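Trainee: First, the structure itself, so that you have it in front of you.
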Amino acid sequence: MDVELKVNGETRKLDVFSMARLLDVLREQLLLTGTKEGCGEGECGACTVILDGRIVNSCLVPVAQVNGSEITTIEGVARNDQLHAVQQSFIEHGGAQCGICTPGMVLAAVDLLQRNPQPTEDDIRNGLAGNLCRCTGYMKIFESVVRAYQK
Amino acid sequence: MANNHPIGKSFPRKEGRKKVTGQALYVDDLSFPDMLHGVTVRSPAARGRIKNISFEGDIPWDEFTIVTTKDIPGANHVALILTDQPFLAADFVNHPEEPVLLLAHRDKYLLEEARRNVAIEIEELRAIFSLEDSLAKKEIIWGEDNVFKKFLVDKGNVDDAWSTADFIVEGEYETGAQEQLYIENNGAIAIANPSEGVTVWGSMQCPYYVHKALVKLFGLPEEKIRIIQTETGGGFGGKEEYPSLIAGHAALLAWKSGKPVKIIYDRAEDMVATTKRHPSRTHHKTAVTKDGKLLAMEIDFRIDGGAYCTLSPVVLSRGTIHAAGPYSCPNVRIHSRAVATNVPPHGAFRGFGAPQSIFALERHMDKVAHAVGLSPEEFRRRNFIHEGQTTATSQVIRERVDMDQLLTRALQLSEYHSKREQFARDNTAPNGRFSKKRGIGFATFMHGAGFTGSGEVFLQSIVSAEATAEGKVRVLAASTEIGQGTNTIFSQIAAETLGLDFDSIEIVQPDTGLVPNSGPTVASRTSMVVGKLVESAVMGLKQTLIGSGLLSPEYSESDFKKACAEYLTKFGSLKTSSTYQPPPNVHWDDEKYQGDAYGAYAWAVYVAEVSFDELTYEARVEDFVALQEVGRVLNPVLAAGQIEGGVAQAIGFTLFENVVWKDGRMANNQMTNYIIPTPADIPPIRVYFEENPYAYGPGGAKGIGELPMDGAAPAILNAIENATGISFNHVPLMPEDTLIYADSFTDRRDGR
């Protein structure tokens with residue numbers, strides 16, 4: 001089937017398998033490999049993207065359902081060479097280790113700060129609760145988010 | 001000399017920008033023209049003889065590349081310690097999900113359909129699923145007695161001590177399997193043909209382990225096998241030995257099809273088929289005087305190795321050596337065994353046997369203290385090891401060690417004493433039918449860095465360094481960046497040694513075609529052991545430049561760049577290498593298992609504060625203090641990140657992560673029902689360091705990566721005992737485990 005998506009500000013017309021997951025369309029057809037697959041069942045959040053202003057697990061989204069939608073992936077977070085404050089903060093404060101959860105974690109943090117520019121620690125914990133990280137123990141991720149909004 | 005001192009500063013992660021922008025390329029992000037996808041068809045049974053394999057269903061089988069044992073050009077075993085594990089089961093299977101044959105096809109959806117239509121008929125034989133049944137030899141499933149390896153550490157004379165003891169205290173402790181659960185699943189891509197040989201890209205910790213295994217699998221000369229590590233999304237030991245298997249499988253399919261082949265496990269396959277932490281049982285029998293001095297420790301340590309030997313002997317070794325901990329005891333006997341069961345082989349996981357034996361020890365120390373009538377703190381203080389005293393392997397501690405001071409500081413930081421008093425009051429106050437009990441507990445421990453005993457000498461690790469015409473320095477090592485900071489730490493060490501800018505250092509991506517073998521990325525050895533080789537290799541560059549007369553001993557960054565350019569113009573290239581040399585006076589007896597087990601130890605005290613909900617039976621960690629002495633801290637942010645991540649993983653090991661076994665197979669092989677801690681579950685983890693530079697580590701550093709896995713489990717269970725008065729002696733401790741103690745709560749509430 002044909003779909004039209006606005007991905008990172010660019011309109012893309014695609015011929016897709018109607019049951020394809022949004023995750024696979026992004027990675028395999030649009031070659032946006034920054035979106036990762038961790039579990040394939042919506043538990044880990046590595047495949048997080050922003051869909052029409054809300055974060056979703058792209059492994060659980062059939063592409064047929066999102067025709068006409070606007071999507072931001074990790075590749076669309078920085079403006080040209082200018083990193084988003086959250087990205088800069090993850091680099092400076094140790095928010096990324098192996099990096100595999102980082103794209104999803106950054107998008108979840110960007111989404112959180114858009115909805116709640118000055119989150120409490122509980123807000124941050126709950127805001128990121130759908131994203132799992134096995135490296136950091138989350139402390140430096142929380143710190144990165146706090147430092148990002150303080151900027 | 002340029003005034004650059006990067007060591008001790010929190011340089012941001014070298015590859016950080018790539019990772020936060022999604023540009024870092026992991027194996028599944030790579031693709032090659034004409035590439036096929038590959039899958040593994042696995043054994044449906046735990047143990048038995050393969051009777052027949054049939055290809056069924058409405059599948060165009062002639063379009064598929066099918067690899068069986070007949071297609072293996074070399075030896076059908078994964079070369080590691082022994083040669084018992086095949087790449088593909090030939091006529092016998094020894095565990096559920098054992099690889100039997102391989103399929104490849106361009107269409108990965110059709111491939112999945114095909115995998116389900118291969119029927120493997122097995123004549124099942126009696127299987128062994130528990131440590132106890134294996135030791136009882138209910139069935140002999142491996143060798144003559146099911147035992148992969150045993151050790152005996154014998155110091156002093158334990159037998160004579162029992163009669164002089166005032167107290168003899170015994171205890172039995174148990175730990176479960178744990179999944180590494182790196183967020184990036186295992187995967188590999190191979191290109192293989194007789195003219196060019198075999199090239200594999202993959203997610204891995206140890207490129208030269210894979211190299212060694214594939215040399216044997218294909219029977220090719222070493223230079224015909226090339227292994228390239230792609231960005232690796234976490235390892236924790238789970239990508240130490242297993243990648244040899246998946247790389248071999250991808251390469252066999254590529255060899256037969258003549259096309260690039262990619263195998264990426266999905267989460268369910270990764271969890272059900274790959275390695276986990278060895279389950280363990282430990283029995284302690286301890287003789288102690290009435291004033292609380294240890295007289296003798298007899299420890300029986302057993303681990304479940306699964307169906308093949310893999311790394312179990314070395315896991316057993318580390319667990320054995322750490323079993324008696326940071327205490328001075330004149331008589332110690334540790335008897336240990338790694339045994340076979342018909343479950344997928346257990347393997348490397350951060351801590352490598354030490355978290356298992358330290359869990360037992362630190363729970364037992366609280367029990368002994370109670371028996372003697374001393375506080376857990378006072379009992380440990382009377383037995384801590386000091387400089388000049390000996391460990392269980394009779395290693396004389398030559399570094400300054402002050403566990404007393406570490407304990408004092410950790411208890412202050414956690415407000416241990418005041419909280420213990422407050423909780424004792426609050427827990428007994430009448431406050432309704434159900435309440436939350438609070439408790440606080442701690443563990444004191446050590447962790448040896450680097451390979452055990454003479455291991456580093458046998459490894460003979462090499463690091464090279466080369467200068468470019470632009471005056472940059474490239475570090476060549478097989479040590480992988482898996483999130484722990486190899487790229488950043490190596491850059492800091494090289495920049496410090498040469499007095500250059502951090503950005504003047506480049507770390508070459510591990511590729512066995514380009515880098516020397518600096519050994520595996522395991523055992524907390526990358527900073528301490530390989531980092532020291534980085535230091536000496538780049539020092540060689542500087543000495544060569546000075547020796548050539550192109551650089552004066554006092555130089556600036558621009559002098560160095562100019563000298564490199566001139567040297568390369570004159571001589572063509574500038575490359576130096578450094579090979580491992582052991583520190584002086586290190587002796588190890590592999591027969592008696594006595595001597596200097598490790599070059600250096602990190603020392604630590606971890607304190608956990610918990611709540612225990614009498615309504616839901618849930619234990620929750622509310623606060624955590626991790627204090628450790630790790631030599632010099634090379635990069636405070638990265639170091640704290642290692643500790644926080646390790647503690648979080650250990651909290652998972654203690655209270656969350658329960659592998660449910662059914663006939664030797666993991667039944668809950670999904671993230672939905674194997675639960676790791678989320679951002680909402682982890683308490684504040686407060687990390688503190690003491691610095692005591694180690695003479696033979698780069699910039700004074702010791703190993704750090706595995707240490708934080710060791711202490712949390714016993715600290716948390718000690719705290720739960722403090723909260724509830726009940727002694728739990730196994731992990732994971734799930735709410736349903738504590739439920740069986742409901743009666744005892746009722747009894748206490750009723751004053752019975």
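Residue numbering restarts at 1 in every chain; chains get A, B, ... in the order shown in the structure tokens, and ligands count up from 1 in that same order.
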Do you know which residues are at most 6 Å from segment 90-106 of chain A counting only C-alpha atoms, after dropping those on the same chain fewer than 5 positions away, and could you put them as a list in words?
Mentor: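 Answer for this query is Gly45, Ala46, Cys47, Thr48, Ile74, Cys133, Lys140, Ile141 and Ser144 of chain A; Pro12, Gly16, Lys19, Gly22, Gly233, Gly234, Ile482 and Gly483 of chain B.
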Trainee: Quick one: everything within 12 Å of segment 60-70 of chain A, counting only C-alpha atoms, minus sequence neighbours fewer than 2 positions away in the same chain. Send it as a compact mmCIF listing (two decimals) with N, CA and C atoms, in the first residue's frame.
Mentor:
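Contents of around.txt, freshly written:
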```txt
# COMPACT_ATOMS: atom_id res chain seq x y z
N MET A 1 0.84 -1.20 0.00
CA MET A 1 0.00 0.00 0.00
C MET A 1 0.88 1.26 0.00
N ASP A 2 0.30 2.38 -0.43
CA ASP A 2 1.04 3.65 -0.45
C ASP A 2 0.75 4.43 0.83
N VAL A 3 1.79 4.98 1.42
CA VAL A 3 1.57 5.88 2.56
C VAL A 3 2.41 7.15 2.35
N GLU A 4 1.97 8.18 3.03
CA GLU A 4 2.72 9.43 3.02
C GLU A 4 3.02 9.81 4.47
N LEU A 5 4.29 9.99 4.78
CA LEU A 5 4.69 10.33 6.15
C LEU A 5 5.55 11.58 6.10
N LYS A 6 5.43 12.39 7.12
CA LYS A 6 6.35 13.52 7.23
C LYS A 6 7.39 13.15 8.29
N VAL A 7 8.58 12.81 7.84
CA VAL A 7 9.60 12.31 8.76
C VAL A 7 10.71 13.35 8.90
N ASN A 8 10.92 13.78 10.12
CA ASN A 8 11.92 14.81 10.42
C ASN A 8 11.77 16.01 9.50
N GLY A 9 10.52 16.38 9.27
CA GLY A 9 10.21 17.58 8.49
C GLY A 9 10.14 17.38 6.99
N GLU A 10 10.43 16.17 6.54
CA GLU A 10 10.46 15.93 5.10
C GLU A 10 9.32 14.98 4.71
N THR A 11 8.60 15.30 3.66
CA THR A 11 7.49 14.44 3.24
C THR A 11 8.03 13.26 2.44
N ARG A 12 7.64 12.04 2.86
CA ARG A 12 8.13 10.83 2.19
C ARG A 12 6.94 10.00 1.73
N LYS A 13 6.93 9.67 0.41
CA LYS A 13 5.89 8.79 -0.12
C LYS A 13 6.50 7.40 -0.27
N LEU A 14 5.81 6.42 0.28
CA LEU A 14 6.39 5.07 0.32
C LEU A 14 5.37 4.02 -0.06
N ASP A 15 5.90 2.97 -0.68
CA ASP A 15 5.08 1.79 -0.93
C ASP A 15 5.48 0.77 0.14
N VAL A 16 4.56 0.45 1.04
CA VAL A 16 4.91 -0.41 2.18
C VAL A 16 4.03 -1.64 2.22
N PHE A 17 4.56 -2.67 2.86
CA PHE A 17 3.78 -3.86 3.23
C PHE A 17 2.81 -3.40 4.31
N SER A 18 1.53 -3.68 4.12
CA SER A 18 0.54 -3.02 4.97
C SER A 18 0.67 -3.39 6.45
N MET A 19 1.20 -4.57 6.75
CA MET A 19 1.35 -4.96 8.15
C MET A 19 2.75 -4.63 8.71
N ALA A 20 3.56 -3.93 7.90
CA ALA A 20 4.92 -3.62 8.37
C ALA A 20 4.86 -2.74 9.62
N ARG A 21 5.85 -2.95 10.49
CA ARG A 21 5.94 -2.11 11.68
C ARG A 21 6.59 -0.77 11.28
N LEU A 22 6.15 0.29 11.89
CA LEU A 22 6.76 1.60 11.63
C LEU A 22 8.28 1.50 11.81
N LEU A 23 8.71 0.76 12.84
CA LEU A 23 10.14 0.59 13.11
C LEU A 23 10.88 0.08 11.87
N ASP A 24 10.33 -0.94 11.22
CA ASP A 24 11.02 -1.52 10.05
C ASP A 24 11.00 -0.57 8.85
N VAL A 25 9.90 0.16 8.70
CA VAL A 25 9.85 1.11 7.58
C VAL A 25 10.91 2.20 7.78
N LEU A 26 11.03 2.68 9.00
CA LEU A 26 12.03 3.72 9.28
C LEU A 26 13.44 3.18 9.03
N GLN A 29 13.42 1.03 4.99
CA GLN A 29 13.07 1.77 3.78
C GLN A 29 13.62 3.18 3.78
N GLU A 37 15.86 -1.56 17.72
CA GLU A 37 14.94 -2.58 18.23
C GLU A 37 15.61 -3.29 19.41
N CYS A 39 13.39 -5.11 21.99
CA CYS A 39 12.59 -6.25 22.45
C CYS A 39 11.48 -6.62 21.49
N GLY A 40 11.02 -5.68 20.67
CA GLY A 40 9.95 -5.98 19.71
C GLY A 40 8.59 -6.14 20.34
N GLU A 41 8.45 -5.77 21.61
CA GLU A 41 7.13 -5.91 22.24
C GLU A 41 6.78 -4.74 23.15
N GLY A 42 7.40 -3.59 22.87
CA GLY A 42 6.98 -2.38 23.57
C GLY A 42 7.41 -2.27 25.02
N GLU A 43 8.41 -3.05 25.43
CA GLU A 43 8.85 -3.01 26.82
C GLU A 43 10.05 -2.10 27.04
N CYS A 44 10.97 -2.02 26.07
CA CYS A 44 12.28 -1.41 26.37
C CYS A 44 12.39 0.04 25.92
N GLY A 45 11.61 0.45 24.94
CA GLY A 45 11.65 1.85 24.53
C GLY A 45 12.79 2.23 23.60
N ALA A 46 13.61 1.28 23.18
CA ALA A 46 14.73 1.61 22.29
C ALA A 46 14.25 2.12 20.94
N CYS A 47 13.02 1.77 20.57
CA CYS A 47 12.48 2.15 19.26
C CYS A 47 11.60 3.39 19.34
N THR A 48 11.70 4.14 20.45
CA THR A 48 10.86 5.33 20.66
C THR A 48 11.01 6.34 19.52
N VAL A 49 9.90 6.81 19.00
CA VAL A 49 9.90 7.97 18.10
C VAL A 49 8.76 8.89 18.56
N ILE A 50 8.79 10.14 18.09
CA ILE A 50 7.70 11.06 18.40
C ILE A 50 6.74 11.05 17.22
N LEU A 51 5.49 10.63 17.49
CA LEU A 51 4.47 10.48 16.45
C LEU A 51 3.37 11.50 16.73
N ASP A 52 3.22 12.46 15.83
CA ASP A 52 2.22 13.52 16.02
C ASP A 52 2.26 14.09 17.44
N GLY A 53 3.48 14.37 17.90
CA GLY A 53 3.63 15.04 19.19
C GLY A 53 3.61 14.16 20.42
N ARG A 54 3.52 12.83 20.23
CA ARG A 54 3.54 11.94 21.40
C ARG A 54 4.57 10.84 21.17
N ILE A 55 5.24 10.42 22.24
CA ILE A 55 6.19 9.32 22.03
C ILE A 55 5.46 7.99 21.94
N VAL A 56 5.93 7.16 21.03
CA VAL A 56 5.37 5.81 20.87
C VAL A 56 6.52 4.82 20.69
N ASN A 57 6.22 3.55 20.95
CA ASN A 57 7.16 2.49 20.62
C ASN A 57 6.90 2.10 19.17
N SER A 58 7.83 2.41 18.28
CA SER A 58 7.55 2.21 16.85
C SER A 58 7.48 0.73 16.48
N THR A 72 9.10 12.29 14.33
CA THR A 72 10.48 12.73 14.59
C THR A 72 11.26 11.54 15.11
N THR A 73 12.38 11.23 14.45
CA THR A 73 13.28 10.19 14.94
C THR A 73 14.52 10.88 15.51
N GLY A 76 16.29 13.50 13.66
CA GLY A 76 15.68 14.81 13.47
C GLY A 76 15.72 15.69 14.71
```
Trainee: Applying 12 Å and only C-alpha atoms, which residues near Tyr580 of chain B remain after dropping the ones on its own chain fewer than 6 positions away? List them as a list in words.
Mentor: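 Here the qualifying residues turn out to be Gly450, Ser454, Gly455, Glu456, Val457, Phe458, Leu459, Gln460, Ser461, Ile462, Val463, Ser464, Asn517, Ser518, Gly519, Met528, Val529, Val530, Gly531, Lys532, Leu533, Val534, Glu535, Ser536, Ala537 and Tyr696 of chain B.
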Trainee: Which of segment 5-131 of chain A counts as strand (DSSP E or B) under DSSP, as a PyMOL selection string please?
Mentor: chain A and resi 5-7+10-15+21+48-51+54-57+62+70-72+79+82
Trainee: Can you write out as a tab-separated table which residues of chain B fall within 8 Å of chain A, alongside each residue's closest atom pair and its distance in Å to one decimal, counting only C-alpha atoms and ordering rows by chain and ascending residue number?
Mentor:
```
residue	atom	partner	partner_atom	distance
B:Pro12	CA	A:Glu92	CA	5.4
B:Arg13	CA	A:Ile91	CA	6.6
B:Gly16	CA	A:Ile91	CA	5.4
B:Arg17	CA	A:Ile91	CA	6.8
B:Lys19	CA	A:Gly99	CA	5.2
B:Val20	CA	A:Gln87	CA	5.6
B:Thr21	CA	A:Glu75	CA	6.0
B:Gly22	CA	A:Gly34	CA	4.0
B:Gln23	CA	A:Gly34	CA	6.2
B:Ala24	CA	A:Gly34	CA	7.6
B:Leu25	CA	A:Thr33	CA	7.9
B:Asp29	CA	A:Thr33	CA	5.6
B:Leu181	CA	A:Arg134	CA	7.1
B:Tyr182	CA	A:Arg134	CA	6.2
B:Ile183	CA	A:Gly38	CA	5.4
B:Glu184	CA	A:Gly38	CA	5.9
B:Asn185	CA	A:Gly38	CA	6.9
B:Thr232	CA	A:Cys98	CA	6.6
B:Gly233	CA	A:Cys98	CA	4.9
B:Gly234	CA	A:Cys98	CA	5.4
B:Asp266	CA	A:Cys39	CA	7.0
B:Arg267	CA	A:Cys39	CA	5.1
B:Ala268	CA	A:Cys39	CA	7.9
B:Glu481	CA	A:Cys98	CA	7.9
B:Ile482	CA	A:Cys98	CA	5.5
B:Gly483	CA	A:Cys98	CA	3.4
B:Gln484	CA	A:Gln97	CA	6.3
B:Gly485	CA	A:Gln97	CA	7.4
B:Val637	CA	A:Gly94	CA	6.2
B:Leu638	CA	A:Gly94	CA	6.6
B:Gly641	CA	A:Thr136	CA	5.6
B:Gln642	CA	A:Thr136	CA	7.0
B:Glu644	CA	A:Gly137	CA	5.1
B:Gly645	CA	A:Gly137	CA	4.0
B:Gly646	CA	A:Gly137	CA	7.2
B:Val647	CA	A:Gly137	CA	7.1
B:Ala648	CA	A:Gly137	CA	4.8
B:Gln649	CA	A:Arg134	CA	7.2
B:Gln670	CA	A:Cys39	CA	7.6
B:Met671	CA	A:Glu43	CA	6.2
B:Thr672	CA	A:Glu43	CA	6.3
B:Pro677	CA	A:Leu132	CA	7.8
B:Thr678	CA	A:Leu132	CA	5.8
B:Pro679	CA	A:Ala129	CA	5.1
B:Ala680	CA	A:Arg125	CA	5.1
B:Ile682	CA	A:Gly137	CA	7.3
B:Pro684	CA	A:Met139	CA	7.3
B:Ile685	CA	A:Met139	CA	7.2
```
Trainee: Tell me, in Å to one decimal, how far atom CA of Leu36 of chain B is from atom CA of Ala104 of chain B.
Mentor: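 Going from atom CA of Leu36 of chain B over to atom CA of Ala104 of chain B covers 6.1 Å.
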Trainee: Could you please write out, as a ChimeraX atom specification, every residue of segment 75-144 of chain A that DSSP assigns to helix (DSSP H, G or I)?
Mentor: /A:75-76,85-92,102-115,121-127,139-144
